[in-house]
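Structure file start-v3.cif with mmCIF, C-alpha atoms and all ligand atoms:
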```cif
data_model
loop_
_atom_site.label_atom_id
_atom_site.label_comp_id
_atom_site.auth_asym_id
_atom_site.auth_seq_id
_atom_site.Cartn_x
_atom_site.Cartn_y
_atom_site.Cartn_z
CA GLU A 1 -30.85 -3.44 -6.74
CA THR A 2 -28.33 -5.30 -8.86
CA PRO A 3 -29.95 -7.43 -11.58
CA ALA A 4 -29.18 -11.09 -11.04
CA THR A 5 -28.42 -11.84 -14.65
CA THR A 6 -25.00 -11.73 -16.21
CA TYR A 7 -24.58 -9.18 -18.92
CA LYS A 8 -24.73 -10.76 -22.33
CA PRO A 9 -24.42 -8.20 -25.09
CA THR A 10 -26.86 -8.53 -27.93
CA TYR A 11 -24.75 -6.10 -29.87
CA ARG A 12 -20.99 -6.48 -30.18
CA CYS A 13 -19.03 -3.24 -30.20
CA SER A 14 -15.37 -2.96 -31.14
CA GLY A 15 -14.48 -3.36 -27.44
CA CYS A 16 -16.24 -6.73 -27.49
CA GLY A 17 -14.59 -7.82 -30.72
CA LEU A 18 -11.01 -7.21 -29.67
CA ARG A 19 -8.74 -10.23 -29.95
CA PHE A 20 -5.96 -10.97 -27.49
CA SER A 21 -3.36 -10.16 -30.16
CA GLU A 22 -4.98 -6.79 -30.86
CA VAL A 23 -5.01 -5.37 -27.37
CA THR A 24 -2.95 -5.11 -24.17
CA SER A 25 -3.59 -3.62 -20.73
CA ARG A 26 -1.95 -0.48 -22.08
CA SER A 27 -3.84 -0.08 -25.33
CA PHE A 28 -7.30 -1.07 -24.10
CA PRO A 29 -8.24 2.36 -22.64
CA VAL A 30 -7.28 4.08 -25.90
CA LEU A 31 -9.13 1.55 -28.08
CA GLN A 32 -12.19 1.79 -25.89
CA ARG A 33 -12.25 5.56 -26.08
CA SER A 34 -12.05 5.48 -29.86
CA CYS A 35 -15.06 3.16 -30.23
CA PRO A 36 -17.95 5.31 -31.52
CA HIS A 37 -20.74 2.81 -30.83
CA SER A 38 -20.07 1.05 -27.55
CA CYS A 39 -22.36 -1.66 -26.26
CA ASP A 40 -24.08 -1.05 -22.89
CA LEU A 41 -21.31 -2.76 -20.96
CA HIS A 42 -18.44 -0.89 -22.55
CA MET A 43 -20.36 2.39 -22.49
CA VAL A 44 -21.06 2.29 -18.76
CA LEU A 45 -17.65 0.84 -18.00
CA GLN A 46 -15.98 3.69 -19.83
CA GLN A 47 -18.14 6.36 -18.20
CA ALA A 48 -17.71 4.96 -14.70
CA THR A 49 -13.96 4.54 -15.19
CA HIS A 50 -13.77 8.10 -16.49
CA SER A 51 -15.45 9.49 -13.34
CA TYR A 52 -13.16 7.37 -11.18
CA THR A 53 -9.95 8.52 -12.89
CA LYS A 54 -11.11 12.14 -12.85
CA CYS A 55 -11.44 11.91 -9.07
CA LEU A 56 -8.11 10.14 -8.82
CA ARG A 57 -6.36 12.81 -10.89
CA GLU A 58 -7.74 15.46 -8.56
CA ILE A 59 -6.38 13.55 -5.54
CA CYS A 60 -2.98 13.12 -7.26
CA ARG A 61 -2.89 16.83 -8.11
CA ARG A 62 -3.62 17.83 -4.51
CA ARG A 63 -1.06 15.37 -3.20
CA ASP A 64 1.56 16.81 -5.60
CA ALA A 65 0.75 20.38 -4.62
CA HIS A 66 1.09 19.42 -0.97
CA THR A 67 4.48 17.72 -1.35
CA THR A 68 5.79 20.59 -3.51
CA LYS A 69 4.80 23.07 -0.81
CA GLN A 70 6.57 20.98 1.81
CA ARG A 71 9.67 20.68 -0.37
CA GLU A 72 9.80 24.44 -0.80
CA GLY A 73 10.03 24.72 2.95
CA GLY A 74 6.79 26.61 3.29
CA MET A 75 5.23 24.73 6.15
CA GLN A 76 2.10 26.87 6.16
CA SER A 77 -0.99 25.26 7.55
CA VAL A 78 -3.72 24.67 4.96
CA MET B 1 -0.27 -18.89 -27.16
CA PHE B 2 1.42 -16.10 -25.19
CA THR B 3 4.90 -16.08 -26.70
CA ASN B 4 6.56 -12.65 -26.71
CA ARG B 5 3.97 -11.31 -24.26
CA THR B 6 4.60 -10.33 -20.66
CA ALA B 7 2.20 -10.26 -17.75
CA TRP B 8 2.00 -9.18 -14.16
CA PHE B 9 -0.06 -11.26 -11.74
CA SER B 10 -1.66 -10.04 -8.55
CA ASN B 11 -1.20 -12.23 -5.48
CA SER B 12 -4.95 -12.80 -5.64
CA VAL B 13 -4.59 -14.85 -8.84
CA ARG B 14 -4.69 -18.59 -8.34
CA ARG B 15 -1.56 -20.47 -9.22
CA GLY B 16 -3.11 -22.37 -12.13
CA SER B 17 -3.61 -19.23 -14.21
CA ARG B 18 -0.03 -18.12 -13.75
CA TRP B 19 1.20 -21.59 -14.58
CA PHE B 20 -0.93 -21.70 -17.72
CA TRP B 21 0.47 -18.33 -18.85
CA VAL B 22 4.06 -19.47 -18.42
CA SER B 23 3.47 -22.91 -19.94
CA GLU B 24 2.09 -21.22 -23.07
CA GLY B 25 5.24 -19.13 -23.47
CA GLY B 26 4.27 -15.98 -21.60
CA GLY B 27 6.81 -13.97 -19.59
CA ILE B 28 6.36 -12.47 -16.14
CA THR B 29 7.48 -8.98 -15.21
CA SER B 30 6.63 -5.97 -13.02
CA TRP B 31 3.29 -4.20 -13.40
CA GLU B 32 5.02 -1.06 -14.66
CA THR B 33 6.26 -2.83 -17.79
CA ALA B 34 3.93 -5.79 -18.36
CA ASP B 35 1.74 -6.01 -21.47
CA TYR B 36 -1.10 -7.54 -19.48
CA LEU B 37 -2.09 -7.04 -15.85
CA PHE B 38 -4.12 -9.84 -14.31
CA SER B 39 -5.91 -9.86 -10.99
CA GLU B 40 -8.71 -11.83 -9.43
CA ASP B 41 -9.66 -9.36 -6.74
CA ALA B 42 -9.96 -5.58 -7.05
CA THR B 43 -9.61 -5.23 -3.27
CA CYS B 44 -6.26 -7.05 -3.09
CA PRO B 45 -3.66 -4.47 -1.90
CA ASP B 46 -1.37 -4.97 -4.91
CA THR B 47 -4.30 -4.39 -7.28
CA GLU B 48 -5.57 -1.40 -5.31
CA ARG B 49 -2.12 0.12 -5.62
CA ILE B 50 -2.46 -0.04 -9.40
CA PHE B 51 -5.92 1.52 -9.28
CA GLU B 52 -4.39 4.43 -7.35
CA SER B 53 -1.36 4.84 -9.61
CA VAL B 54 -0.67 7.80 -11.88
CA ASP B 55 -0.81 5.49 -14.93
CA TYR B 56 -4.33 4.46 -14.01
CA ALA B 57 -5.35 8.05 -13.28
CA GLU B 58 -4.15 9.04 -16.74
CA ASN B 59 -6.18 6.24 -18.39
CA ARG B 60 -3.10 4.38 -19.50
CA LEU B 61 -3.90 1.03 -17.88
CA THR B 62 -6.56 -1.67 -17.76
CA VAL B 63 -6.50 -4.63 -15.40
CA PHE B 64 -7.98 -7.86 -16.74
CA HIS B 65 -9.60 -10.59 -14.69
CA SER B 66 -7.49 -13.73 -14.64
CA PHE B 67 -10.57 -15.82 -15.41
CA TYR B 68 -9.85 -14.78 -18.98
CA LEU B 69 -6.91 -17.18 -18.88
CA ALA B 70 -9.09 -19.92 -17.40
CA ALA B 71 -11.55 -19.44 -20.26
CA CYS B 72 -8.71 -19.61 -22.82
CA GLU B 73 -7.39 -22.76 -21.19
CA LYS B 74 -10.80 -24.37 -21.39
CA CYS B 75 -11.21 -23.83 -25.11
CA HIS B 76 -7.50 -24.16 -25.94
CA SER B 77 -7.53 -20.82 -27.72
CA VAL B 78 -7.32 -17.08 -27.17
CA LYS B 79 -9.34 -16.41 -30.30
CA SER B 80 -12.77 -17.38 -29.10
CA VAL B 81 -12.68 -15.52 -25.80
CA CYS B 82 -13.45 -11.80 -25.74
CA ILE B 83 -10.76 -10.23 -23.61
CA GLY B 84 -12.81 -6.99 -23.63
CA HIS B 85 -15.40 -8.64 -21.38
CA TYR B 86 -12.80 -9.46 -18.73
CA VAL B 87 -11.97 -5.94 -17.60
CA LEU B 88 -11.54 -5.75 -13.82
CA PRO B 89 -12.24 -2.18 -12.68
CA PRO B 90 -11.98 -0.72 -9.16
CA VAL B 91 -14.81 -1.73 -6.80
CA SER B 92 -16.63 1.61 -7.02
CA VAL B 93 -16.69 1.30 -10.82
CA GLN B 94 -17.86 -2.32 -10.61
CA GLU B 95 -20.85 -1.19 -8.57
CA VAL B 96 -21.92 1.39 -11.13
CA VAL B 97 -21.54 -1.07 -14.00
CA LYS B 98 -23.45 -3.83 -12.19
CA ALA B 99 -26.34 -1.50 -11.40
CA VAL B 100 -26.74 -0.91 -15.12
CA VAL B 101 -25.89 -4.13 -16.91
CA GLY B 102 -25.91 -6.90 -14.29
CA ARG B 103 -23.09 -9.22 -13.36
CA PHE B 104 -19.72 -9.21 -15.04
CA ILE B 105 -18.92 -12.22 -17.16
CA TRP B 106 -16.20 -13.25 -14.69
CA GLU B 107 -18.73 -13.39 -11.86
CA GLN B 108 -20.32 -16.49 -13.33
CA GLU B 109 -19.90 -19.66 -11.34
CA ASP B 110 -18.97 -21.65 -14.39
CA ASN B 111 -16.73 -19.49 -16.49
CA ALA B 112 -16.91 -21.93 -19.38
CA LYS B 113 -20.09 -20.06 -20.26
CA ALA B 114 -17.98 -17.02 -20.86
CA VAL B 115 -16.55 -18.63 -23.96
CA ASP B 116 -17.89 -16.98 -27.02
CA THR B 117 -19.21 -19.70 -29.23
CA GLU B 118 -20.03 -17.47 -32.19
CA ASP B 119 -16.51 -17.39 -33.49
CA SER B 120 -17.65 -17.31 -37.10
CA ASP B 121 -17.20 -13.58 -37.55
CA ASP B 122 -13.69 -13.16 -38.74
CA ARG B 123 -14.41 -9.77 -40.21
CA LEU B 124 -11.92 -8.02 -37.98
ZN ZN A 201 -18.76 -4.00 -26.09
#
```

Go ahead and express the file in the form of structure tokens.
Ligand SMILES: [Zn+2]
Amino acid sequence: ETPATTYKPTYRCSGCGLRFSEVTSRSFPVLQRSCPHSCDLHMVLQQATHSYTKCLREICRRRDAHTTKQREGGMQSV
Amino acid sequence: MFTNRTAWFSNSVRRGSRWFWVSEGGGITSWETADYLFSEDATCPDTERIFESVDYAENRLTVFHSFYLAACEKCHSVKSVCIGHYVLPPVSVQEVVKAVVGRFIWEQEDNAKAVDTEDSDDRL
């Protein structure tokens, strides 16, 4: 079950130390990936996000393949 | 505080956060171009749309929890609040993270606690 306590890192990784002026919604994924020693939070966050986006890319790829097929007029059933 | 920065706000974000952003000089724009994306609820349709976007799939985007702004407002600074602790991931990711490390900082009842008081390390 989910632990009731809020995560409080004992160790601050570079993801933890980022200032507002140093990061945006667009640069955060890159900065997080380049951190060699992530804290527990940023480690698991990165891994879980990676699995999620991998799945999502697969869905996007299939969706693209499907629409391309339709556009080419080949209405074959899958 | 937020001059020359742009943000997109989900409909789930309470009005106060948006108002604080604008009153501190921040601009508001679409999610495709904003520097910062803020949401309060990963299940809000506008936020889910972002989590299903190509940009998100390609690891080009992070959504932050708008409680980050509330924490900044409370301590009148962006310097003492770790924005890296206010990442708002999709629900399935949240579940994995919570199983390992416990609650997210933005799940605290009193988000004043989220303020990092050890602001003495200016090494960065
Ligand atoms: Zn960290």

Nearest to Glu32 (chain B) by atom-to-atom distance, counting all atoms listed in the file, from B:Ala7, B:Val13, B:Val78, B:Ile105: B:Ala7

Protein and nucleic residues near ligand ZN 201 (chain A), 8 Å, only C-alpha atoms and all ligand atoms, as a count of residues only: 16

How big is the axis-aligned box, and where does its centre sit, when it encloses all atoms of region 33-36 of chain B listed in the file and has 8 Å added on every side, reported in Å to one decimal as AutoDock Vina command-line options?
```
--center_x 2.6 --center_y -5.2 --center_z -19.6 --size_x 23.4 --size_y 20.7 --size_z 19.7
```

d(CA of Glu107 (chain B), CA of Arg18 (chain B)) in Å: 19.4 Å

8 Å contact set for Thr53 (chain A), all atoms listed in the file, chain neighbours under 6 positions out, as a ChimeraX atom specification: /B:56-59

Contacts of Arg19 (chain A) at 8 Å (only C-alpha atoms; same-chain gap of 4+ positions) as a PyMOL selection string: (chain A and resi 23) or (chain B and resi 78-79+81-83)

Interface, chain B side, toward chain A (9 Å; all atoms listed in the file) as a count of residues only: 46

d(CA of Arg49 (chain B), CA of Ser23 (chain B)) in Å: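 Those two atoms sit 27.7 Å apart.
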
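Separating CA of Ala70 (chain B) from CA of Ser30 (chain B) is a distance of 21.5 Å.
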
Closest of B:Ala71, B:Tyr86, B:Ser77, B:Asn4 to Ser39 (chain B) - atom-to-atom distances counting all atoms listed in the file: B:Tyr86

Test item: residues at most 10 Å from Gly25 (chain B), all atoms listed in the file, excluding those fewer than 3 positions along its chain, as an MDAnalysis selection string: chainID B and resid 1:6 20:22 28
